[in-house]
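Text of protein35.pdb, listed as PDB, C-alpha atoms and all ligand atoms:
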ATOM      1  CA  MET A   1       7.909 -16.474  35.045
ATOM      2  CA  ARG A   2       6.464 -16.923  31.588
ATOM      3  CA  THR A   3       2.675 -16.942  31.385
ATOM      4  CA  ASN A   4       2.567 -20.448  29.949
ATOM      5  CA  GLN A   5       4.509 -21.788  32.910
ATOM      6  CA  LEU A   6       1.734 -20.911  35.318
ATOM      7  CA  PRO A   7      -0.452 -23.971  34.627
ATOM      8  CA  VAL A   8       2.599 -26.191  35.078
ATOM      9  CA  LEU A   9       3.377 -24.601  38.436
ATOM     10  CA  VAL A  10      -0.237 -24.970  39.550
ATOM     11  CA  CYS A  11      -0.160 -28.621  38.554
ATOM     12  CA  ILE A  12       3.077 -29.242  40.430
ATOM     13  CA  VAL A  13       1.645 -27.706  43.588
ATOM     14  CA  ALA A  14      -1.515 -29.784  43.182
ATOM     15  CA  THR A  15       0.550 -32.912  42.625
ATOM     16  CA  VAL A  16       2.499 -32.364  45.812
ATOM     17  CA  LEU A  17      -0.707 -31.694  47.731
ATOM     18  CA  ALA A  18      -2.467 -34.705  46.269
ATOM     19  CA  THR A  19       0.416 -37.104  46.595
ATOM     20  CA  GLY A  20       1.425 -36.134  50.081
ATOM     21  CA  GLN A  21       4.986 -37.054  49.283
ATOM     22  CA  ALA A  22       6.921 -37.800  46.125
ATOM     23  CA  ARG A  23       8.716 -41.111  45.943
ATOM     24  CA  GLY A  24      12.029 -42.072  44.271
ATOM     25  CA  GLY A  25      14.263 -40.105  41.913
ATOM     26  CA  ALA A  26      16.283 -37.185  43.050
ATOM     27  CA  ALA A  27      13.620 -36.006  45.489
ATOM     28  CA  ALA A  28      14.956 -36.974  48.896
ATOM     29  CA  LYS A  29      12.432 -38.355  51.343
ATOM     30  CA  PRO A  30      11.712 -36.033  54.231
ATOM     31  CA  PRO A  31      12.440 -37.457  57.686
ATOM     32  CA  ARG A  32       8.722 -37.439  58.491
ATOM     33  CA  PRO A  33       6.298 -37.829  55.586
ATOM     34  CA  ALA A  34       3.880 -34.979  55.201
ATOM     35  CA  PRO A  35       0.263 -36.031  55.744
ATOM     36  CA  ALA A  36      -1.906 -36.420  52.665
ATOM     37  CA  PHE A  37      -4.185 -33.467  51.979
ATOM     38  CA  ASP A  38      -7.289 -35.351  53.127
ATOM     39  CA  GLN A  39      -5.776 -35.480  56.612
ATOM     40  CA  TRP A  40      -5.291 -31.747  56.807
ATOM     41  CA  ASP A  41      -7.709 -29.477  58.587
ATOM     42  CA  LEU A  42      -9.126 -27.835  55.510
ATOM     43  CA  SER A  43     -12.481 -26.384  54.758
ATOM     44  CA  ALA A  44     -14.811 -28.404  52.562
ATOM     45  CA  SER A  45     -14.393 -25.991  49.654
ATOM     46  CA  ALA A  46     -10.617 -26.179  49.858
ATOM     47  CA  ARG A  47     -10.785 -29.960  49.883
ATOM     48  CA  ARG A  48     -13.014 -29.928  46.824
ATOM     49  CA  ALA A  49     -10.663 -27.538  45.011
ATOM     50  CA  ILE A  50      -7.661 -29.763  45.718
ATOM     51  CA  ALA A  51      -9.603 -32.879  44.726
ATOM     52  CA  ASP A  52     -10.519 -31.174  41.434
ATOM     53  CA  LEU A  53      -6.869 -30.341  40.816
ATOM     54  CA  ALA A  54      -5.876 -33.932  41.586
ATOM     55  CA  ARG A  55      -8.206 -35.103  38.825
ATOM     56  CA  LEU A  56      -6.412 -33.031  36.175
ATOM     57  CA  GLU A  57      -4.735 -35.299  33.653
ATOM     58  CA  PHE A  58      -1.392 -33.564  34.085
ATOM     59  CA  VAL A  59      -1.553 -34.060  37.842
ATOM     60  CA  GLU A  60      -2.472 -37.716  37.385
ATOM     61  CA  MET A  61       0.599 -38.090  35.218
ATOM     62  CA  ALA A  62       2.871 -36.272  37.647
ATOM     63  CA  ARG A  63       1.595 -38.432  40.519
ATOM     64  CA  ALA A  64       2.294 -41.609  38.531
ATOM     65  CA  VAL A  65       5.814 -40.412  37.720
ATOM     66  CA  ALA A  66       6.459 -39.488  41.346
ATOM     67  CA  GLY A  67       5.261 -42.967  42.324
ATOM     68  CA  GLY A  68       7.882 -44.639  40.101
ATOM     69  CA  SER A  69       5.530 -45.675  37.275
ATOM     70  CA  GLN A  70       7.096 -46.586  33.945
ATOM     71  CA  MET A  71       3.959 -45.408  32.147
ATOM     72  CA  GLY A  72       2.264 -48.663  31.269
ATOM     73  CA  PRO A  73      -1.399 -49.056  30.260
ATOM     74  CA  GLY A  74      -3.776 -47.514  32.791
ATOM     75  CA  GLU A  75      -1.087 -45.407  34.469
ATOM     76  CA  GLY A  76      -0.891 -41.646  34.377
ATOM     77  CA  TRP A  77      -3.046 -40.478  31.492
ATOM     78  CA  PHE A  78      -2.741 -43.742  29.585
ATOM     79  CA  HIS A  79      -6.325 -44.700  30.269
ATOM     80  CA  ALA A  80      -8.401 -47.062  28.177
ATOM     81  CA  GLY A  81      -9.691 -45.485  24.978
ATOM     82  CA  GLN A  82     -13.086 -43.804  24.982
ATOM     83  CA  SER A  83     -15.654 -43.848  22.255
ATOM     84  CA  ARG A  84     -18.963 -42.178  21.650
ATOM     85  CA  TYR A  85     -20.136 -45.420  20.054
ATOM     86  CA  ASP A  86     -19.486 -47.905  22.831
ATOM     87  CA  TRP A  87     -21.437 -50.894  24.140
ATOM     88  CA  LYS A  88     -23.915 -48.689  26.026
ATOM     89  CA  TRP A  89     -24.626 -46.742  22.851
ATOM     90  CA  LEU A  90     -25.309 -49.939  20.909
ATOM     91  CA  ALA A  91     -27.360 -51.604  23.660
ATOM     92  CA  ARG A  92     -29.601 -48.549  24.022
ATOM     93  CA  ARG A  93     -30.502 -48.754  20.358
ATOM     94  CA  MET A  94     -30.543 -52.456  19.539
ATOM     95  CA  ASP A  95     -30.992 -54.581  22.666
ATOM     96  CA  ALA A  96     -34.748 -54.677  22.125
ATOM     97  CA  ASN A  97     -35.550 -57.178  24.901
ATOM     98  CA  GLY A  98     -33.084 -55.625  27.364
ATOM     99  CA  ASP A  99     -31.291 -58.884  28.213
ATOM    100  CA  GLY A 100     -27.816 -57.347  28.056
ATOM    101  CA  LYS A 101     -26.921 -58.804  24.677
ATOM    102  CA  VAL A 102     -27.629 -57.938  21.082
ATOM    103  CA  GLU A 103     -28.513 -61.007  19.085
ATOM    104  CA  ARG A 104     -28.214 -61.181  15.337
ATOM    105  CA  ARG A 105     -31.972 -60.777  14.863
ATOM    106  CA  GLU A 106     -31.880 -57.575  16.961
ATOM    107  CA  PHE A 107     -28.946 -56.062  15.096
ATOM    108  CA  ARG A 108     -29.970 -53.405  12.594
ATOM    109  CA  GLY A 109     -26.951 -53.423  10.359
ATOM    110  CA  PRO A 110     -25.079 -55.518   7.810
ATOM    111  CA  ALA A 111     -24.230 -59.103   8.813
ATOM    112  CA  ALA A 112     -20.569 -58.516   8.039
ATOM    113  CA  LEU A 113     -20.477 -55.683  10.602
ATOM    114  CA  PHE A 114     -22.110 -57.902  13.236
ATOM    115  CA  ASP A 115     -19.403 -60.507  12.635
ATOM    116  CA  ARG A 116     -16.667 -57.900  13.043
ATOM    117  CA  LEU A 117     -18.155 -56.542  16.248
ATOM    118  CA  ASP A 118     -18.526 -60.046  17.719
ATOM    119  CA  ARG A 119     -14.858 -60.143  18.670
ATOM    120  CA  ASN A 120     -15.099 -63.194  20.936
ATOM    121  CA  GLY A 121     -17.107 -65.129  18.334
ATOM    122  CA  ASP A 122     -19.876 -66.295  20.672
ATOM    123  CA  GLY A 123     -22.644 -65.285  18.252
ATOM    124  CA  VAL A 124     -23.995 -62.364  20.300
ATOM    125  CA  LEU A 125     -22.809 -58.827  21.006
ATOM    126  CA  THR A 126     -22.156 -58.040  24.654
ATOM    127  CA  ALA A 127     -20.075 -55.591  26.685
ATOM    128  CA  ALA A 128     -17.162 -58.058  26.490
ATOM    129  CA  ASP A 129     -16.885 -57.498  22.731
ATOM    130  CA  PHE A 130     -16.326 -53.787  23.364
ATOM    131  CA  ASP A 131     -13.769 -54.156  26.142
ATOM    132  CA  TRP A 132     -10.450 -53.119  24.614
ATOM    133  CA  SER A 133      -8.557 -52.897  27.881
ATOM    134  CA  THR A 134      -5.405 -54.955  28.205
ATOM    135  CA  PRO A 135      -6.053 -58.051  30.309
ATOM    136  CA  PRO A 136      -4.040 -58.101  33.540
ATOM    137  CA  GLY A 137      -1.056 -60.399  33.918
ATOM    138  CA  PRO A 138       1.614 -61.489  31.467
ATOM    139  CA  ARG A 139       0.792 -61.527  27.787
ATOM    140  CA  PRO A 140       0.157 -64.951  26.234
ATOM    141  CA  PRO A 141       2.999 -66.573  24.213
ATOM    142  CA  SER A 142       0.849 -66.283  21.081
ATOM    143  CA  ASP A 143       1.273 -62.492  21.244
ATOM    144  CA  PHE A 144       5.058 -62.856  21.109
ATOM    145  CA  PHE A 145       4.774 -65.314  18.211
ATOM    146  CA  PHE A 146       2.493 -62.924  16.340
ATOM    147  CA  TYR A 147       4.815 -59.925  16.694
ATOM    148  CA  LEU A 148       7.728 -62.109  15.621
ATOM    149  CA  LEU A 149       5.899 -62.976  12.414
ATOM    150  CA  ASP A 150       4.510 -59.478  11.771
ATOM    151  CA  ALA A 151       7.727 -58.134  10.285
ATOM    152  CA  ASN A 152       6.320 -54.745   9.222
ATOM    153  CA  SER A 153       4.325 -54.319  12.466
ATOM    154  CA  ASN A 154       1.046 -53.523  10.724
ATOM    155  CA  GLY A 155      -0.999 -55.797  12.968
ATOM    156  CA  ARG A 156      -1.470 -58.444  10.267
ATOM    157  CA  VAL A 157       0.588 -61.476   9.294
ATOM    158  CA  SER A 158       0.602 -61.847   5.532
ATOM    159  CA  GLY A 159       1.325 -65.069   3.659
ATOM    160  CA  ALA A 160       4.671 -63.608   2.632
ATOM    161  CA  GLU A 161       5.597 -62.881   6.259
ATOM    162  CA  TRP A 162       4.529 -66.381   7.274
ATOM    163  CA  GLU A 163       6.672 -67.914   4.516
ATOM    164  CA  ALA A 164       9.598 -65.660   5.384
ATOM    165  CA  PHE A 165       9.441 -66.880   8.980
ATOM    166  CA  PHE A 166       9.370 -70.484   7.773
ATOM    167  CA  ALA A 167      12.361 -69.925   5.488
ATOM    168  CA  ARG A 168      14.262 -68.202   8.280
ATOM    169  CA  ALA A 169      13.446 -70.834  10.884
ATOM    170  CA  SER A 170      14.055 -73.841   8.637
ATOM    171  CA  ARG A 171      17.295 -72.373   7.301
ATOM    172  CA  GLY A 172      16.712 -73.679   3.795
ATOM    173  CA  LYS A 173      15.920 -77.282   4.737
ATOM    174  CA  GLY A 174      12.306 -77.070   3.608
ATOM    175  CA  TYR A 175      10.990 -78.433   6.916
ATOM    176  CA  LEU A 176      11.053 -77.565  10.618
ATOM    177  CA  THR A 177      12.332 -79.616  13.504
ATOM    178  CA  PRO A 178      11.441 -78.982  17.153
ATOM    179  CA  ASP A 179      14.923 -77.495  17.610
ATOM    180  CA  ASP A 180      14.416 -75.135  14.651
ATOM    181  CA  LEU A 181      11.161 -73.884  16.089
ATOM    182  CA  ARG A 182      12.556 -73.570  19.616
ATOM    183  CA  GLN A 183      15.484 -71.531  18.298
ATOM    184  CA  ALA A 184      13.279 -69.329  16.115
ATOM    185  CA  LEU A 185      10.918 -68.603  19.001
ATOM    186  CA  GLN A 186      13.632 -67.911  21.524
ATOM    187  CA  MET A 187      12.743 -64.916  23.619
ATOM    188  CA  PRO A 188      15.199 -62.041  23.205
ATOM    189  CA  PRO A 189      17.320 -61.471  26.321
ATOM    190  CA  MET A 190      15.783 -59.026  28.735
ATOM    191  CA  SER A 191      17.529 -55.701  28.806
ATOM    192  CA  LYS A 192      19.424 -55.108  32.024
ATOM    193  CA  GLN A 193      18.977 -51.397  31.585
ATOM    194  CA  ALA A 194      16.320 -50.025  33.862
ATOM    195  CA  GLY A 195      13.645 -47.726  32.505
ATOM    196  CA  PRO A 196      13.882 -43.955  32.749
ATOM    197  CA  SER A 197      14.175 -42.602  36.274
ATOM    198  CA  PRO A 198      11.307 -40.619  37.848
ATOM    199  CA  ARG A 199      13.545 -37.540  37.579
ATOM    200  CA  MET A 200      13.969 -38.039  33.827
ATOM    201  CA  LEU A 201      10.243 -38.686  33.355
ATOM    202  CA  LEU A 202       9.343 -35.627  35.408
ATOM    203  CA  LYS A 203      11.712 -33.527  33.316
ATOM    204  CA  GLY A 204      10.088 -34.899  30.152
ATOM    205  CA  LEU A 205       6.694 -34.060  31.566
ATOM    206  CA  LEU A 206       7.639 -30.475  32.380
ATOM    207  CA  CYS A 207       9.334 -30.004  28.994
ATOM    208  CA  GLY A 208       6.258 -31.201  27.131
ATOM    209  CA  GLU A 209       7.909 -34.401  25.893
ATOM    210  CA  LEU A 210       5.378 -36.556  27.755
ATOM    211  CA  GLY A 211       2.340 -34.553  26.841
ATOM    212  CA  SER A 212       0.826 -31.203  27.580
ATOM    213  CA  PRO A 213      -0.540 -29.638  30.775
ATOM    214  CA  PHE A 214      -3.499 -28.507  28.695
ATOM    215  CA  GLU A 215      -6.156 -31.177  28.453
ATOM    216  CA  GLY A 216      -7.555 -32.019  25.061
ATOM    217  CA  PRO A 217     -11.231 -32.084  24.113
ATOM    218  CA  ARG A 218     -13.494 -34.674  25.719
ATOM    219  CA  VAL A 219     -15.362 -37.257  23.699
ATOM    220  CA  GLY A 220     -18.088 -35.442  21.775
ATOM    221  CA  GLN A 221     -16.434 -32.009  22.013
ATOM    222  CA  ARG A 222     -15.282 -30.156  18.907
ATOM    223  CA  ALA A 223     -11.588 -30.620  18.138
ATOM    224  CA  PRO A 224      -9.527 -27.409  18.097
ATOM    225  CA  ASP A 225      -8.464 -26.264  14.657
ATOM    226  CA  PHE A 226      -4.828 -26.500  13.563
ATOM    227  CA  ALA A 227      -2.737 -26.021  10.438
ATOM    228  CA  LEU A 228       0.198 -28.271   9.528
ATOM    229  CA  ARG A 229       2.570 -28.409   6.578
ATOM    230  CA  THR A 230       2.609 -31.643   4.587
ATOM    231  CA  VAL A 231       5.755 -33.769   4.755
ATOM    232  CA  ASP A 232       6.916 -32.486   1.361
ATOM    233  CA  GLY A 233       6.250 -28.904   2.492
ATOM    234  CA  LYS A 234       4.139 -28.149  -0.580
ATOM    235  CA  GLU A 235       0.830 -27.414   1.108
ATOM    236  CA  THR A 236      -0.762 -26.606   4.422
ATOM    237  CA  ILE A 237      -3.592 -28.718   5.807
ATOM    238  CA  ARG A 238      -6.165 -27.120   8.099
ATOM    239  CA  LEU A 239      -8.444 -29.369  10.122
ATOM    240  CA  ALA A 240     -11.320 -26.922   9.667
ATOM    241  CA  ASP A 241     -11.186 -27.471   5.890
ATOM    242  CA  TYR A 242     -12.580 -30.999   6.429
ATOM    243  CA  ARG A 243     -15.283 -30.098   8.918
ATOM    244  CA  GLY A 244     -18.637 -31.455   7.769
ATOM    245  CA  LYS A 245     -17.135 -33.005   4.637
ATOM    246  CA  LYS A 246     -15.492 -36.281   5.594
ATOM    247  CA  PRO A 247     -14.332 -38.187   8.692
ATOM    248  CA  VAL A 248     -10.783 -37.335   9.792
ATOM    249  CA  VAL A 249      -8.555 -39.756  11.682
ATOM    250  CA  LEU A 250      -5.460 -38.503  13.467
ATOM    251  CA  ILE A 251      -2.812 -41.158  14.057
ATOM    252  CA  PHE A 252       0.052 -40.503  16.456
ATOM    253  CA  GLY A 253       3.051 -42.803  16.108
ATOM    254  CA  SER A 254       5.293 -44.047  18.871
ATOM    255  CA  PHE A 255       7.767 -41.451  20.112
ATOM    256  CA  THR A 256      10.404 -44.040  20.947
TER     257      THR A 256
HETATM  258 CA    CA B   1     -31.158 -58.667  23.425
HETATM  259 CA    CA B   2     -19.698 -61.690  21.381
END

Could you write out this structure as structure tokens?
Ligand SMILES: [Ca+2]
Ligand SMILES: [Ca+2]
Amino acid sequence: MRTNQLPVLVCIVATVLATGQARGGAAAKPPRPAPAFDQWDLSASARRAIADLARLEFVEMARAVAGGSQMGPGEGWFHAGQSRYDWKWLARRMDANGDGKVERREFRGPAALFDRLDRNGDGVLTAADFDWSTPPGPRPPSDFFFYLLDANSNGRVSGAEWEAFFARASRGKGYLTPDDLRQALQMPPMSKQAGPSPRMLLKGLLCGELGSPFEGPRVGQRAPDFALRTVDGKETIRLADYRGKKPVVLIFGSFT
């Protein structure tokens, strides 16, 4: 066994212990499901050790895969984003009267920034303005319309994209009819192909295609240094070269 396979093996064992039984995929169900670990006769320290393992991100992911998850928001390690500068951070500093909202007169910053932070436009800053989690349930039709218009997927609909949609939908007539709009906004047919099987996802997890068994730094911790070649191969960028000089943003694109 290679040394770097050990954490993976530990995580698999923890996953099996924490899950009690794996569901779906190639793993055949045993005739009698094994009891979950919290039903076993274990010492308190052993229970704590297993509970700690179950909280590892890799184990969370493996449990979600074993449970048939297709890795949507909130599943596996796809938790809501974390920030050092969240609502609690702001409220501690600027909610002078402690009423759970930061009014404009309490805000110690530029007015334009207040307006940007007030995402729901109710004139005050509250926890709701900092909640970036995806609301439960189906997405509103406006989301579909937006992504249809946003041809270059940059999260903004430009005038040119708006006009291009109009030209496409009106088919050169210079105006839109209800039929034109209905046809332009027709939902694409749902794919009959099912998502990846738990077996395929588990394989991707173990091969490192769905992430790493090694957890990254927590919010506030120092990022590990790395060196990467630029796309043109002409220079090497080291993260440490920017430390203390300027903010660095790492953007990871979709792997699909
Ligand atoms: Ca207040
Ligand atoms: Ca608000």

Item to check | Within 8 Å of ligand CA 1 (chain B) (all atoms listed in the file), residues as a PyMOL selection string | outcome: chain A and resi 94-103+106

Can I get the selected residues back with C-alpha atoms, as a short mmCIF file (atom, residue, chain, number, x, y, z; two decimals), keeping the file's coordinate frame?
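See again_11.cif below for the written result:
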data_model
loop_
_atom_site.label_atom_id
_atom_site.label_comp_id
_atom_site.auth_asym_id
_atom_site.auth_seq_id
_atom_site.Cartn_x
_atom_site.Cartn_y
_atom_site.Cartn_z
CA MET A 94 -30.54 -52.46 19.54
CA ASP A 95 -30.99 -54.58 22.67
CA ALA A 96 -34.75 -54.68 22.12
CA ASN A 97 -35.55 -57.18 24.90
CA GLY A 98 -33.08 -55.62 27.36
CA ASP A 99 -31.29 -58.88 28.21
CA GLY A 100 -27.82 -57.35 28.06
CA LYS A 101 -26.92 -58.80 24.68
CA VAL A 102 -27.63 -57.94 21.08
CA GLU A 103 -28.51 -61.01 19.08
CA GLU A 106 -31.88 -57.58 16.96
#

Checklist entry - Excluding same-chain residues fewer than 5 positions from A:Val65, what lies within 7 Å of it counting all atoms listed in the file, as a list in words? => result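 The residues that qualify are Pro198, Leu201 and Leu202 of chain A.
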
Item to check | Nearest-residue call for ligand CA 2 (chain B), choices A:Ser45, A:Gln221, A:Gln82, A:Thr126, using all atoms listed in the file | outcome: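 Of all the options, A:Thr126 lies closest to ligand CA 2 (chain B).
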
Item to check | Atomic separation - atom CA of A:Arg119 relative to atom CA of A:Arg156, Å | outcome: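 Pair atom CA of A:Arg156 / atom CA of A:Arg119 returns 15.9 Å.
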
Item to check | Selection result for the PyMOL selection byres (((not hetatm)) within 8 of (chain B and resi 2)) on this file, as a list in words | outcome: Leu117, Asp118, Arg119, Asn120, Gly121, Asp122, Gly123, Val124, Leu125, Thr126, Ala128 and Asp129 of chain A

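Here atom CA of A:Arg199 is placed at a distance of 8.3 Å from atom CA of A:Ala66.
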
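Here the PyMOL selection byres (((chain A and resi 55-64) around 6) and not hetatm) matches the residues Cys11, Thr15, Asp52, Leu53, Ala54, Val65, Ala66, Gly67, Ser69, Gly76, Trp77 and Pro213 of chain A.
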
Checklist entry - Quick one: residues within 12 Å of A:Ala223, only C-alpha atoms counted, chain neighbours fewer than 2 positions away excluded, as a list in words? => result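 Skipping anything fewer than 2 positions along the chain leaves Glu215, Gly216, Pro217, Arg218, Val219, Gly220, Gln221, Asp225, Phe226, Arg238, Leu239, Ala240, Tyr242, Arg243, Val248, Val249 and Leu250 of chain A.
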
Item to check | Test item: residues at most 12 Å from stretch 141-154 of chain A, all atoms listed in the file, excluding those fewer than 5 positions along its chain, as a PyMOL selection string | outcome: chain A and resi 159-169+181-182+184-188

Next on the checklist: Please expand the PyMOL selection byres (((chain A and resi 237) around 6) and not hetatm) into the concrete residues it hits in this file, giving the result as a ChimeraX atom specification.
Outcome noted: /A:227-228,236,238

Can you put all heavy atoms back into stretch 45-54 of chain A and show it as a CSV table (one decimal), in the frame of the given file?
chain,number,residue,atom,x,y,z
A,45,SER,N,-14.6,-26.5,51.0
A,45,SER,CA,-14.4,-26.0,49.7
A,45,SER,C,-12.9,-26.2,49.2
A,45,SER,O,-12.6,-26.4,48.1
A,45,SER,CB,-14.8,-24.5,49.6
A,45,SER,OG,-14.1,-23.8,50.6
A,46,ALA,N,-12.0,-26.0,50.2
A,46,ALA,CA,-10.6,-26.2,49.9
A,46,ALA,C,-10.3,-27.6,49.5
A,46,ALA,O,-9.6,-27.9,48.6
A,46,ALA,CB,-9.7,-25.8,51.0
A,47,ARG,N,-11.0,-28.5,50.2
A,47,ARG,CA,-10.8,-30.0,49.9
A,47,ARG,C,-11.3,-30.3,48.5
A,47,ARG,O,-10.7,-31.0,47.7
A,47,ARG,CB,-11.6,-30.8,50.9
A,47,ARG,CG,-10.9,-31.0,52.2
A,47,ARG,CD,-11.9,-31.6,53.2
A,47,ARG,NE,-11.4,-31.7,54.5
A,47,ARG,CZ,-10.8,-32.7,55.0
A,47,ARG,NH1,-10.5,-33.7,54.3
A,47,ARG,NH2,-10.3,-32.7,56.3
A,48,ARG,N,-12.5,-29.7,48.2
A,48,ARG,CA,-13.0,-29.9,46.8
A,48,ARG,C,-12.1,-29.4,45.7
A,48,ARG,O,-11.9,-30.0,44.7
A,48,ARG,CB,-14.4,-29.3,46.7
A,48,ARG,CG,-15.5,-30.2,47.2
A,48,ARG,CD,-16.9,-29.7,46.7
A,48,ARG,NE,-17.2,-28.3,47.1
A,48,ARG,CZ,-17.7,-28.0,48.3
A,48,ARG,NH1,-18.0,-28.9,49.1
A,48,ARG,NH2,-18.0,-26.8,48.5
A,49,ALA,N,-11.5,-28.2,46.0
A,49,ALA,CA,-10.7,-27.5,45.0
A,49,ALA,C,-9.4,-28.4,44.8
A,49,ALA,O,-9.0,-28.6,43.6
A,49,ALA,CB,-10.3,-26.1,45.5
A,50,ILE,N,-8.9,-28.9,45.9
A,50,ILE,CA,-7.7,-29.8,45.7
A,50,ILE,C,-8.0,-31.1,45.0
A,50,ILE,O,-7.3,-31.6,44.2
A,50,ILE,CB,-7.0,-30.0,47.1
A,50,ILE,CG1,-6.5,-28.7,47.7
A,50,ILE,CG2,-5.9,-31.0,47.0
A,50,ILE,CD1,-6.0,-28.8,49.1
A,51,ALA,N,-9.2,-31.6,45.4
A,51,ALA,CA,-9.6,-32.9,44.7
A,51,ALA,C,-9.8,-32.7,43.2
A,51,ALA,O,-9.5,-33.5,42.4
A,51,ALA,CB,-10.9,-33.4,45.4
A,52,ASP,N,-10.3,-31.5,42.9
A,52,ASP,CA,-10.5,-31.2,41.4
A,52,ASP,C,-9.2,-31.1,40.7
A,52,ASP,O,-9.0,-31.6,39.6
A,52,ASP,CB,-11.3,-29.8,41.3
A,52,ASP,CG,-12.7,-30.0,41.6
A,52,ASP,OD1,-13.2,-31.2,41.7
A,52,ASP,OD2,-13.4,-29.0,41.8
A,53,LEU,N,-8.2,-30.4,41.4
A,53,LEU,CA,-6.9,-30.3,40.8
A,53,LEU,C,-6.2,-31.7,40.6
A,53,LEU,O,-5.6,-32.0,39.6
A,53,LEU,CB,-6.0,-29.5,41.7
A,53,LEU,CG,-6.1,-28.0,41.6
A,53,LEU,CD1,-5.3,-27.3,42.6
A,53,LEU,CD2,-5.8,-27.5,40.2
A,54,ALA,N,-6.5,-32.6,41.6
A,54,ALA,CA,-5.9,-33.9,41.6
A,54,ALA,C,-6.4,-34.8,40.4
A,54,ALA,O,-5.8,-35.7,40.0
A,54,ALA,CB,-6.1,-34.7,42.9
